[in-house]
Structure formats: C-alpha cells, structure tokens
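Below is the file work_36.tsv, which contains TSV, C-alpha atoms.
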chain	number	residue	atom	x	y	z
K	1	MET	CA	-34.18	11.69	25.39
K	2	SER	CA	-37.92	11.60	25.68
K	3	SER	CA	-39.47	9.67	28.56
K	4	ILE	CA	-42.65	8.90	26.58
K	5	ALA	CA	-43.36	5.17	26.17
K	6	LYS	CA	-42.05	4.44	22.69
K	7	PRO	CA	-41.10	1.34	20.77
K	8	ILE	CA	-37.65	0.15	21.81
K	9	ALA	CA	-36.15	1.08	18.43
K	10	ASN	CA	-36.98	4.73	19.06
K	11	GLY	CA	-35.99	5.23	22.64
K	12	ARG	CA	-33.25	2.81	23.68
K	13	SER	CA	-29.65	3.72	23.08
K	14	ALA	CA	-27.56	1.01	24.72
K	15	THR	CA	-24.68	1.70	22.35
K	16	GLY	CA	-24.81	5.46	22.78
K	17	ILE	CA	-26.88	6.08	19.67
K	18	PRO	CA	-30.64	5.47	19.26
K	19	THR	CA	-31.36	1.89	18.25
K	20	ALA	CA	-33.21	2.95	15.09
K	21	ARG	CA	-30.10	4.71	13.82
K	22	LEU	CA	-27.91	1.80	14.90
K	23	ILE	CA	-30.12	-0.56	12.87
K	24	THR	CA	-29.81	1.75	9.87
K	25	TRP	CA	-26.02	1.59	10.14
K	26	TRP	CA	-26.19	-2.21	10.30
K	27	VAL	CA	-28.37	-2.25	7.18
K	28	ILE	CA	-25.83	-0.01	5.44
K	29	ALA	CA	-22.97	-2.26	6.61
K	30	SER	CA	-24.69	-5.30	5.10
K	31	GLU	CA	-25.41	-3.35	1.92
K	32	ILE	CA	-21.71	-2.50	1.64
K	33	VAL	CA	-20.98	-6.21	1.46
K	34	ILE	CA	-23.72	-6.80	-1.13
K	35	PHE	CA	-22.82	-3.92	-3.48
K	36	GLY	CA	-19.10	-4.05	-2.63
K	37	GLY	CA	-18.95	-7.75	-3.48
K	38	LEU	CA	-20.71	-7.18	-6.80
K	39	LEU	CA	-18.52	-4.19	-7.64
K	40	ALA	CA	-15.33	-6.06	-6.72
K	41	VAL	CA	-16.27	-9.02	-8.91
K	42	TYR	CA	-17.24	-6.68	-11.76
K	43	ILE	CA	-13.93	-4.79	-11.51
K	44	MET	CA	-11.84	-7.96	-11.60
K	45	HIS	CA	-13.75	-9.29	-14.62
K	46	ARG	CA	-13.57	-5.91	-16.33
K	47	LEU	CA	-9.78	-5.82	-15.87
K	48	GLY	CA	-9.51	-9.36	-17.23
K	49	HIS	CA	-11.71	-8.65	-20.23
K	50	PRO	CA	-10.55	-5.60	-22.19
K	51	GLU	CA	-13.08	-6.42	-24.90
K	52	TRP	CA	-15.88	-5.30	-22.54
K	53	GLY	CA	-14.77	-1.74	-23.28
K	54	ALA	CA	-16.56	-1.92	-26.64
K	55	ALA	CA	-19.81	-2.93	-24.91
K	56	ALA	CA	-19.38	-0.19	-22.29
K	57	ALA	CA	-19.06	2.35	-25.11
K	58	HIS	CA	-22.77	1.81	-25.85
K	59	THR	CA	-23.89	3.19	-22.48
K	60	ASN	CA	-25.13	6.78	-22.48
K	61	THR	CA	-22.68	8.91	-20.44
K	62	VAL	CA	-24.93	11.98	-20.56
K	63	ALA	CA	-27.87	10.05	-19.11
K	64	GLY	CA	-25.61	8.56	-16.43
K	65	ALA	CA	-24.19	11.99	-15.55
K	66	PHE	CA	-27.64	13.55	-15.38
K	67	ASN	CA	-28.82	10.73	-13.11
K	68	THR	CA	-25.80	11.38	-10.87
K	69	PHE	CA	-26.83	15.03	-10.69
K	70	VAL	CA	-30.41	14.00	-9.83
K	71	LEU	CA	-29.26	11.70	-7.02
K	72	LEU	CA	-26.84	14.29	-5.60
K	73	THR	CA	-29.66	16.83	-5.58
K	74	SER	CA	-32.06	14.37	-3.94
K	75	SER	CA	-29.38	13.69	-1.29
K	76	LEU	CA	-29.26	17.43	-0.63
K	77	CYS	CA	-33.04	17.40	-0.10
K	78	ALA	CA	-32.72	14.41	2.25
K	79	VAL	CA	-30.09	16.08	4.43
K	80	LEU	CA	-32.09	19.34	4.49
K	81	ALA	CA	-35.07	17.24	5.65
K	82	HIS	CA	-32.87	15.90	8.47
K	83	LYS	CA	-31.97	19.47	9.42
K	84	ALA	CA	-35.66	20.46	9.40
K	85	ALA	CA	-36.48	17.44	11.60
K	86	ASP	CA	-33.76	18.47	14.05
K	87	GLU	CA	-35.46	21.88	14.18
K	88	HIS	CA	-38.78	20.09	14.92
K	89	ASN	CA	-40.21	21.38	11.64
K	90	GLY	CA	-42.02	18.24	10.52
K	91	PRO	CA	-44.03	19.73	7.65
K	92	ARG	CA	-40.85	21.15	6.03
K	93	ALA	CA	-39.07	17.82	6.53
K	94	ALA	CA	-42.02	16.06	4.86
K	95	LYS	CA	-41.93	18.41	1.86
K	96	LEU	CA	-38.20	17.84	1.45
K	97	LEU	CA	-38.64	14.08	1.72
K	98	CYS	CA	-41.28	14.23	-1.02
K	99	LEU	CA	-38.80	16.17	-3.18
K	100	THR	CA	-36.20	13.48	-2.47
K	101	SER	CA	-38.68	10.84	-3.61
K	102	LEU	CA	-39.35	12.88	-6.73
K	103	GLY	CA	-35.61	12.74	-7.43
K	104	GLY	CA	-35.80	8.96	-7.16
K	105	LEU	CA	-38.72	8.91	-9.59
K	106	ILE	CA	-36.82	11.03	-12.13
K	107	PHE	CA	-33.80	8.74	-11.73
K	108	LEU	CA	-35.86	5.61	-12.37
K	109	THR	CA	-37.67	7.19	-15.33
K	110	ILE	CA	-34.38	8.06	-17.03
K	111	LYS	CA	-33.06	4.58	-16.25
K	112	GLY	CA	-36.22	3.10	-17.78
K	113	PHE	CA	-35.72	5.05	-21.03
K	114	GLU	CA	-32.06	4.03	-21.09
K	115	TRP	CA	-32.85	0.36	-20.61
K	116	ALA	CA	-35.63	0.46	-23.20
K	117	LYS	CA	-33.17	1.90	-25.75
K	118	ASP	CA	-30.50	-0.68	-24.85
K	119	ILE	CA	-32.97	-3.54	-25.17
K	120	ARG	CA	-34.33	-2.20	-28.51
K	121	GLU	CA	-30.75	-2.20	-29.80
K	122	GLY	CA	-30.36	-5.85	-28.78
K	123	PHE	CA	-28.31	-5.39	-25.61
K	124	VAL	CA	-30.07	-7.61	-23.09
K	125	ILE	CA	-28.85	-9.24	-19.88
K	126	SER	CA	-27.65	-12.33	-21.80
K	127	SER	CA	-25.76	-10.34	-24.48
K	128	GLY	CA	-22.40	-10.77	-22.77
K	129	GLY	CA	-20.46	-10.39	-19.56
K	130	PHE	CA	-20.58	-6.61	-19.47
K	131	TRP	CA	-24.35	-6.45	-20.04
K	132	SER	CA	-24.94	-9.10	-17.42
K	133	TYR	CA	-23.18	-6.96	-14.81
K	134	TYR	CA	-24.70	-3.75	-16.17
K	135	TYR	CA	-28.28	-4.94	-15.70
K	136	THR	CA	-27.55	-6.69	-12.38
K	137	LEU	CA	-25.74	-3.75	-10.78
K	138	ALA	CA	-28.01	-1.01	-12.12
K	139	GLY	CA	-31.11	-3.16	-11.51
K	140	LEU	CA	-30.22	-3.92	-7.89
K	141	HIS	CA	-29.42	-0.26	-7.34
K	142	GLY	CA	-32.73	0.73	-8.97
K	143	LEU	CA	-34.59	-1.60	-6.59
K	144	HIS	CA	-32.91	0.14	-3.67
K	145	VAL	CA	-33.97	3.52	-5.06
K	146	LEU	CA	-37.56	2.27	-5.36
K	147	ALA	CA	-37.55	0.86	-1.81
K	148	GLY	CA	-36.09	4.12	-0.49
K	149	MET	CA	-38.77	6.16	-2.24
K	150	ILE	CA	-41.59	4.08	-0.75
K	151	ILE	CA	-40.17	4.18	2.78
K	152	MET	CA	-39.48	7.90	2.42
K	153	LEU	CA	-43.11	8.64	1.54
K	154	ILE	CA	-44.27	6.65	4.59
K	155	VAL	CA	-41.83	8.59	6.81
K	156	ALA	CA	-42.96	11.86	5.19
K	157	ALA	CA	-46.62	11.11	6.00
K	158	ASP	CA	-45.76	10.91	9.72
K	159	ALA	CA	-43.31	13.80	9.59
K	160	ALA	CA	-46.01	16.06	8.11
K	161	LYS	CA	-47.90	15.56	11.40
K	162	ASN	CA	-44.70	16.20	13.39
K	163	GLN	CA	-44.58	12.53	14.36
K	164	GLU	CA	-41.64	10.10	14.42
K	165	LEU	CA	-39.20	12.76	13.25
K	166	GLN	CA	-36.23	10.59	14.28
K	167	ARG	CA	-37.00	8.42	11.24
K	168	VAL	CA	-36.15	11.29	8.87
K	169	GLU	CA	-32.44	10.95	9.62
K	170	CYS	CA	-32.55	7.15	9.29
K	171	ILE	CA	-34.11	7.14	5.83
K	172	GLY	CA	-31.74	9.95	4.88
K	173	LEU	CA	-28.73	7.81	5.84
K	174	TYR	CA	-30.03	5.00	3.65
K	175	TRP	CA	-30.62	7.39	0.76
K	176	HIS	CA	-27.12	8.85	0.98
K	177	PHE	CA	-25.71	5.33	0.87
K	178	VAL	CA	-27.72	4.61	-2.30
K	179	ASP	CA	-26.27	7.85	-3.69
K	180	ILE	CA	-22.71	6.72	-2.85
K	181	VAL	CA	-23.28	3.39	-4.61
K	182	TRP	CA	-24.31	5.28	-7.74
K	183	ILE	CA	-21.27	7.57	-7.44
K	184	PHE	CA	-19.16	4.42	-8.00
K	185	LEU	CA	-21.47	2.78	-10.54
K	186	PHE	CA	-21.39	5.84	-12.81
K	187	PRO	CA	-17.65	5.74	-13.66
K	188	LEU	CA	-17.59	1.93	-13.71
K	189	LEU	CA	-20.50	1.49	-16.12
K	190	TYR	CA	-20.53	4.75	-18.08
K	191	ILE	CA	-17.01	6.18	-18.16
K	192	ALA	CA	-14.47	3.29	-18.12
K	193	ARG	CA	-14.25	2.07	-21.72
L	1	MET	CA	-47.61	17.26	19.79
L	2	SER	CA	-46.13	14.80	22.21
L	3	GLU	CA	-44.34	12.74	19.58
L	4	THR	CA	-41.78	15.20	18.37
L	5	MET	CA	-38.78	13.24	19.56
L	6	THR	CA	-35.98	13.54	17.05
L	7	THR	CA	-32.46	12.25	17.11
L	8	GLU	CA	-30.57	14.00	19.88
L	9	SER	CA	-29.21	16.72	17.53
L	10	HIS	CA	-25.81	15.08	17.48
L	11	VAL	CA	-24.64	16.90	14.38
L	12	HIS	CA	-23.72	20.41	13.46
L	13	HIS	CA	-25.42	21.25	10.18
L	14	PRO	CA	-22.97	22.85	7.74
L	15	ASP	CA	-23.93	24.76	4.60
L	16	TYR	CA	-25.32	21.81	2.67
L	17	VAL	CA	-25.98	23.78	-0.52
L	18	LYS	CA	-22.29	24.69	-0.72
L	19	ILE	CA	-21.31	21.03	-0.34
L	20	TRP	CA	-23.84	20.05	-3.02
L	21	ALA	CA	-22.32	22.68	-5.35
L	22	VAL	CA	-18.86	21.17	-4.79
L	23	LEU	CA	-20.26	17.69	-5.56
L	24	VAL	CA	-21.84	18.93	-8.79
L	25	ALA	CA	-18.57	20.64	-9.77
L	26	LEU	CA	-16.73	17.35	-9.17
L	27	LEU	CA	-19.29	15.57	-11.33
L	28	LEU	CA	-18.53	18.00	-14.15
L	29	VAL	CA	-14.80	17.33	-13.66
L	30	SER	CA	-15.32	13.57	-13.97
L	31	VAL	CA	-17.45	13.96	-17.12
L	32	GLY	CA	-14.93	16.41	-18.62
L	33	GLY	CA	-12.06	14.06	-17.80
L	34	ALA	CA	-13.90	11.17	-19.41
L	35	MET	CA	-14.14	13.12	-22.66
L	36	SER	CA	-10.36	13.63	-22.79
L	37	ASN	CA	-9.84	10.02	-23.98
L	38	ILE	CA	-6.43	10.01	-22.24
L	39	ARG	CA	-6.41	6.83	-20.16
L	40	GLY	CA	-4.64	8.28	-17.10
L	41	VAL	CA	-6.83	11.39	-17.04
L	42	VAL	CA	-10.00	9.31	-17.45
L	43	LEU	CA	-9.06	7.02	-14.57
L	44	VAL	CA	-8.17	9.85	-12.18
L	45	ALA	CA	-11.15	11.98	-13.22
L	46	ALA	CA	-13.57	9.08	-12.91
L	47	PHE	CA	-12.41	7.02	-9.96
L	48	GLY	CA	-10.34	9.58	-8.04
L	49	VAL	CA	-13.20	12.06	-8.16
L	50	ALA	CA	-15.70	9.31	-7.24
L	51	LEU	CA	-13.71	8.60	-4.06
L	52	VAL	CA	-13.69	12.31	-3.15
L	53	LYS	CA	-17.43	12.61	-3.84
L	54	ALA	CA	-18.20	9.52	-1.74
L	55	TYR	CA	-16.08	10.91	1.12
L	56	LEU	CA	-17.87	14.28	0.97
L	57	VAL	CA	-21.30	12.60	1.08
L	58	ALA	CA	-20.28	10.27	3.92
L	59	LYS	CA	-18.69	13.08	5.94
L	60	ASN	CA	-21.15	15.92	5.39
L	61	PHE	CA	-24.50	14.27	4.57
L	62	MET	CA	-24.18	11.05	6.61
L	63	HIS	CA	-22.08	12.68	9.35
L	64	VAL	CA	-19.99	9.53	9.70
L	65	THR	CA	-17.09	11.44	11.23
L	66	VAL	CA	-19.16	12.69	14.18
L	67	GLU	CA	-20.93	9.37	14.73
L	68	LYS	CA	-19.87	7.03	17.56
L	69	ARG	CA	-16.45	5.67	16.67
L	70	PHE	CA	-17.61	2.07	16.25
L	71	VAL	CA	-19.82	3.07	13.31
L	72	PRO	CA	-17.01	4.10	10.92
L	73	TYR	CA	-15.04	1.06	12.16
L	74	LEU	CA	-18.00	-1.16	11.33
L	75	LEU	CA	-18.23	0.30	7.83
L	76	LEU	CA	-14.46	0.05	7.29
L	77	MET	CA	-14.56	-3.58	8.40
L	78	MET	CA	-17.11	-4.34	5.69
L	79	ILE	CA	-14.90	-2.62	3.11
L	80	ALA	CA	-11.95	-4.69	4.40
L	81	PHE	CA	-13.97	-7.87	3.70
L	82	ILE	CA	-14.41	-6.71	0.12
L	83	VAL	CA	-10.68	-6.05	-0.21
L	84	ILE	CA	-9.97	-9.59	1.07
L	85	LEU	CA	-12.48	-11.00	-1.43
L	86	PHE	CA	-10.82	-9.06	-4.23
L	87	ALA	CA	-7.30	-10.06	-3.24
L	88	GLY	CA	-8.26	-13.71	-2.95
L	89	VAL	CA	-10.22	-14.09	-6.17
L	90	ALA	CA	-8.85	-11.45	-8.56
L	91	PRO	CA	-5.67	-13.30	-9.62
L	92	ASP	CA	-7.74	-16.23	-10.93
L	93	VAL	CA	-10.20	-13.97	-12.73
L	94	MET	CA	-7.93	-11.24	-14.09
L	95	LYS	CA	-5.16	-13.55	-15.31
L	96	HIS	CA	-5.92	-16.17	-17.91
L	97	GLY	CA	-2.86	-18.29	-17.39
L	98	GLY	CA	-0.13	-19.13	-14.90
L	99	LEU	CA	2.75	-21.51	-14.29
L	100	ARG	CA	0.71	-24.72	-14.44
L	101	TRP	CA	-2.67	-23.58	-15.62
L	102	SER	CA	-4.35	-21.88	-18.52
L	103	ASN	CA	-7.90	-20.58	-18.87
L	104	ASP	CA	-8.27	-21.21	-22.61
L	105	ALA	CA	-11.97	-20.34	-22.71
L	106	ALA	CA	-11.31	-16.88	-21.25
L	107	LYS	CA	-8.37	-16.33	-23.62
L	108	GLN	CA	-10.53	-17.21	-26.62
L	109	THR	CA	-13.33	-14.96	-25.41
L	110	VAL	CA	-10.94	-12.01	-25.09
L	111	GLU	CA	-9.32	-12.69	-28.48
L	112	SER	CA	-12.61	-13.02	-30.37
L	113	GLY	CA	-14.04	-10.04	-28.49
L	114	MET	CA	-11.06	-7.83	-29.33
L	115	LYS	CA	-11.27	-8.83	-33.01
L	116	ALA	CA	-14.98	-8.02	-33.14
L	117	ALA	CA	-14.68	-4.75	-31.21
L	118	PRO	CA	-14.32	-1.53	-33.21
L	119	LYS	CA	-11.00	0.22	-32.64
L	120	ASN	CA	-11.75	3.25	-30.44
L	121	GLU	CA	-8.22	4.62	-30.07
Written as structure tokens, that's how I'd like the structure from this file.
Amino acid sequence: MSSIAKPIANGRSATGIPTARLITWWVIASEIVIFGGLLAVYIMHRLGHPEWGAAAAHTNTVAGAFNTFVLLTSSLCAVLAHKAADEHNGPRAAKLLCLTSLGGLIFLTIKGFEWAKDIREGFVISSGGFWSYYYTLAGLHGLHVLAGMIIMLIVAADAAKNQELQRVECIGLYWHFVDIVWIFLFPLLYIAR
Amino acid sequence: MSETMTTESHVHHPDYVKIWAVLVALLLVSVGGAMSNIRGVVLVAAFGVALVKAYLVAKNFMHVTVEKRFVPYLLLMMIAFIVILFAGVAPDVMKHGGLRWSNDAAKQTVESGMKAAPKNE
C-alpha cells in the first residue's frame, strides 16, 4: 500500500480490502435488495397472471438480445480497463472506460427507440401489470446505466492522468453488476411469454 | 506521478476476450432456445443460461471468488433476503384462492385477460 496521505477511502483497509472497494461491495449488496426485490415481485405476479404473456409478446427480443450483447461487450471493456489500471497504464484504462461508456450510450439509445415504439403503439406504464413492471424495471436499470456512464467518465478523466487508478476497479464492479441485472431482465421481459 | 496507487493487484487476470466469447455464445443459445417455442426448452435456455452467464461475470469480471470471503457471504445474504421475501409473499400473489379466501378481482383479471389475449400456441 502507498504511504502517501490519501483520503481514508483510498488507503485504509481495516477489513483486508481497500475501503473504496468495500464501499462498492456494500453499494452492490444494497442494489441486490432493490433489484432482487423488484424481480421477485415481478416473477410472482407473472406466475399468477398468465395473461401477461400476451403483453410480453409485444417486446422486441432482437433489440433486447442486441442490448445484452452491447452490455456484455462494455463489461469486457470495463474489466480490460481494470487490467490496464493494475498495470499502471492509466491512459489505456481511460480509453477503455470511455468505450464502456459508449456501450452504455448505445444501450440507452436502443432502449429509447424501443420505448418510443411501445408508447406510439399505446403501451404505456398504466396499460397493465406487465407494462408497469416493464417500464419500472427497465427504467430503473436505465438510470443505473446512466449513472454508471457519468461516474465512469469522471474516473476516466483522472485515469488518463494516471491518477486515482484504484477507482477503475470500483466503477468496473458496479458496471458488471448492472450487466448482471440486465442478464436477468432480458429473459424475464423479452423471452418469457 | 505520485498518485498511481491502484488496488493491490489481488486478482489474476484471465483471458477476458475468451470469457466474453463464451458469454456471447450463451446469449445466442438463449435466443435460439426462445425461438423453439417449447416451454421447457425456453425456460432452460432463458433462465438456466442467465444463471450461468451471471456466474461467469461474477467469477471472472468481478472476481468474487478471489475476494475476501465475507464479500460473497454478504452478497449471498442479500439474495437470501430476496428468497425469504419471495417465499413469504408469493403464495398470496400467485394463488388466487385458498381454503377460506378468494381473490375474485385477480381471478376476473386473469379470465378477461386470457379471453382477450390472442392464442399463441
């Protein structure tokens, strides 16, 4: 560990791992409860309402699958950025983080087109139980993607100057979690009919 | 620069591109399975593959398995809370009637919904 005076979140590791990473794990733990609770409630309603299958048939599986591909690829960029940071190659880590953010932007753009089409066809959040969950789950996930993109660009700005490279792994952990949430949302919202 | 402190390289970096290729292949399997329209195949291809994909991301990209042991325990504890929530609430939501109760509104919603829905099988 470095002996340079640093904020406590960067240097202290009372639990055996740096506090910044510990905080990231706590954030992820709390997010598991948020998304897990929503998913659990959606699944139990979905099982109790077979008629939702007809509504689910309106979602675009190809768009959902492509968005899964985009998020998996952006996760690859995030973990390669972590590797670059471990090798003290800040500029490469920054480039890879920017690519990860670009993945998030592509994801949100496709989601925007999808939602616009759904809304044009009359499927809005109040159209029924399925659509209520669809917009809530995908919307909350989209907000997490947006937040991740913004934080990632801030981390990338520092990483480009070889500063605060420990943050690259933390934002990567968050991004992978957002990816995992989508891995479950895709079959639930786009495949199960 | 003096501020190049990174995490204390606690992970071995595997071939991430290979893992990504496996994840993409699994995605294709889940989409292919979904197109089969056979209920069992769809469920396994969608949710079974999703579990495998999530495990691969957690293990190889998040390095959960080489993290301090309390971290995976912490995450598993959160998942256990969700299981408890599901077990406690699901019977009331998934069933629309029991020995001394009946959720008539839900029954009507399902009936009218099924009548209105186009037959897809």
Fill in: Using all atoms listed in the file: which of K:Ser13, K:Ser127, K:Val27, K:Asp86 has the shortest distance to chain L
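Closest to chain L of all the choices is K:Asp86.
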Discussion item. Given all atoms listed in the file as the basis, pick out the residue of L:Ile38, L:Leu99, L:Leu85, L:Ile19 nearest to Val79 in chain K.
Written reply: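 Once distances to Val79 in chain K are computed over all atoms listed in the file, the minimum belongs to L:Ile19.
Compared by their closest atoms to Ile151 in chain K, and using all atoms listed in the file, the residues K:Thr73, K:Asn89, K:Thr19, K:Ser101 rank with K:Ser101 nearest.
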Worksheet item: Could you state the separation of CA of Leu38 in chain K and CA of His58 in chain K in Å, given to one decimal place?
Response: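 For CA of Leu38 in chain K relative to CA of His58 in chain K, the distance reads 21.2 Å.
Minimum atom-to-atom distance to Gly113 in chain L, evaluated using only C-alpha atoms, belongs to K:Gly128 out of K:His82, K:Leu39, K:Glu87, K:Gly128.
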Worksheet item: Which one is closest to Leu27 in chain L: L:Ala45, L:Ala58, L:Met114, L:Ala106? Count only C-alpha atoms.
Response: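 Answer, going by the shortest atom-to-atom distance: L:Ala45.
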Discussion item. If I take CA of His49 in chain K and CA of Ile180 in chain K, how far is one from the other in Å, to one decimal?
Written reply: 25.7 Å
Discussion item. Which residue is closest to Pro91 in chain K? Choose from K:Arg167, K:Ile119, K:His176, K:Ala156 and count all atoms listed in the file.
Written reply: K:Ala156
Practice prompt. With all atoms listed in the file counted, which protein, DNA or RNA residues have an atom no more than 10 Å from (-15.1, 3.4, -14.6) in the file frame? Please answer as an MDAnalysis selection string.
Written response: (chainID K and resid 43 46 56 184:193) or (chainID L and resid 34 42:47 50)
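For the pair CA of Val41 in chain K and CA of Ser112 in chain L, the separation is 22.1 Å.
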Enclosing box along x, y and z for every listed atom of range 110-120 of chain K, padded 6 Å each side, centre and size in Å, one decimal, as AutoDock Vina command-line options:
--center_x -33.4 --center_y 2.3 --center_z -22.4 --size_x 17.7 --size_y 23.6 --size_z 24.3
Fill in: Expected residue set, 7 Å radius at (-36.6, 5.0, 5.0), only C-alpha atoms, as a VMD selection string
chain K and resid 148 151 to 152 155 170 to 172 174
Practice prompt. Mind checking which residues fall within 12 Å of Leu56 in chain L, counting all atoms listed in the file, ignoring those fewer than 2 positions away in the same chain, and posting them as a PyMOL selection string?
Written response: (chain K and resi 72+75-76+176-177+179-180+183) or (chain L and resi 16+18-24+26+49-54+58-65)
Discussion item. As a PyMOL selection string, please: the residues near Trp25 in chain K (cut-off 9 Å, all atoms listed in the file, same-chain neighbours under 5 positions excluded).
Written reply: (chain K and resi 20+30+170+173-174) or (chain L and resi 71+74-75)
Reconstruct range 40-59 of chain K at the level of N, CA and C atoms, and format the result as an mmCIF file, in the coordinates of the input.
data_model
loop_
_atom_site.group_PDB
_atom_site.id
_atom_site.type_symbol
_atom_site.label_atom_id
_atom_site.label_comp_id
_atom_site.auth_asym_id
_atom_site.auth_seq_id
_atom_site.Cartn_x
_atom_site.Cartn_y
_atom_site.Cartn_z
ATOM 1 N N ALA K 40 -16.667 -5.456 -6.697
ATOM 2 C CA ALA K 40 -15.330 -6.060 -6.720
ATOM 3 C C ALA K 40 -15.249 -7.120 -7.815
ATOM 4 N N VAL K 41 -16.280 -7.949 -7.903
ATOM 5 C CA VAL K 41 -16.270 -9.020 -8.910
ATOM 6 C C VAL K 41 -16.361 -8.417 -10.319
ATOM 7 N N TYR K 42 -17.156 -7.352 -10.445
ATOM 8 C CA TYR K 42 -17.240 -6.680 -11.760
ATOM 9 C C TYR K 42 -15.877 -6.108 -12.158
ATOM 10 N N ILE K 43 -15.226 -5.428 -11.202
ATOM 11 C CA ILE K 43 -13.930 -4.790 -11.510
ATOM 12 C C ILE K 43 -12.907 -5.838 -11.948
ATOM 13 N N MET K 44 -12.856 -6.965 -11.222
ATOM 14 C CA MET K 44 -11.840 -7.960 -11.600
ATOM 15 C C MET K 44 -12.138 -8.574 -12.966
ATOM 16 N N HIS K 45 -13.398 -8.782 -13.283
ATOM 17 C CA HIS K 45 -13.750 -9.290 -14.620
ATOM 18 C C HIS K 45 -13.466 -8.245 -15.697
ATOM 19 N N ARG K 46 -13.784 -6.997 -15.358
ATOM 20 C CA ARG K 46 -13.570 -5.910 -16.330
ATOM 21 C C ARG K 46 -12.088 -5.778 -16.671
ATOM 22 N N LEU K 47 -11.221 -5.913 -15.642
ATOM 23 C CA LEU K 47 -9.780 -5.820 -15.870
ATOM 24 C C LEU K 47 -9.256 -7.028 -16.654
ATOM 25 N N GLY K 48 -9.932 -8.159 -16.510
ATOM 26 C CA GLY K 48 -9.510 -9.360 -17.230
ATOM 27 C C GLY K 48 -10.098 -9.469 -18.620
ATOM 28 N N HIS K 49 -11.033 -8.596 -18.932
ATOM 29 C CA HIS K 49 -11.710 -8.650 -20.230
ATOM 30 C C HIS K 49 -11.712 -7.275 -20.900
ATOM 31 N N PRO K 50 -10.610 -6.928 -21.544
ATOM 32 C CA PRO K 50 -10.550 -5.600 -22.190
ATOM 33 C C PRO K 50 -11.601 -5.420 -23.284
ATOM 34 N N GLU K 51 -12.094 -6.537 -23.814
ATOM 35 C CA GLU K 51 -13.080 -6.420 -24.900
ATOM 36 C C GLU K 51 -14.421 -5.866 -24.402
ATOM 37 N N TRP K 52 -14.637 -5.864 -23.083
ATOM 38 C CA TRP K 52 -15.880 -5.300 -22.540
ATOM 39 C C TRP K 52 -15.963 -3.794 -22.778
ATOM 40 N N GLY K 53 -14.801 -3.189 -23.040
ATOM 41 C CA GLY K 53 -14.770 -1.740 -23.280
ATOM 42 C C GLY K 53 -15.670 -1.350 -24.445
ATOM 43 N N ALA K 54 -15.714 -2.220 -25.471
ATOM 44 C CA ALA K 54 -16.560 -1.920 -26.640
ATOM 45 C C ALA K 54 -18.035 -1.933 -26.249
ATOM 46 N N ALA K 55 -18.418 -2.869 -25.366
ATOM 47 C CA ALA K 55 -19.810 -2.930 -24.910
ATOM 48 C C ALA K 55 -20.123 -1.703 -24.045
ATOM 49 N N ALA K 56 -19.154 -1.334 -23.179
ATOM 50 C CA ALA K 56 -19.380 -0.190 -22.290
ATOM 51 C C ALA K 56 -19.549 1.107 -23.083
ATOM 52 N N ALA K 57 -18.961 1.142 -24.289
ATOM 53 C CA ALA K 57 -19.060 2.350 -25.110
ATOM 54 C C ALA K 57 -20.500 2.624 -25.549
ATOM 55 N N HIS K 58 -21.374 1.617 -25.454
ATOM 56 C CA HIS K 58 -22.770 1.810 -25.850
ATOM 57 C C HIS K 58 -23.607 2.495 -24.767
ATOM 58 N N THR K 59 -23.089 2.551 -23.535
ATOM 59 C CA THR K 59 -23.890 3.190 -22.480
ATOM 60 C C THR K 59 -23.869 4.715 -22.685
#
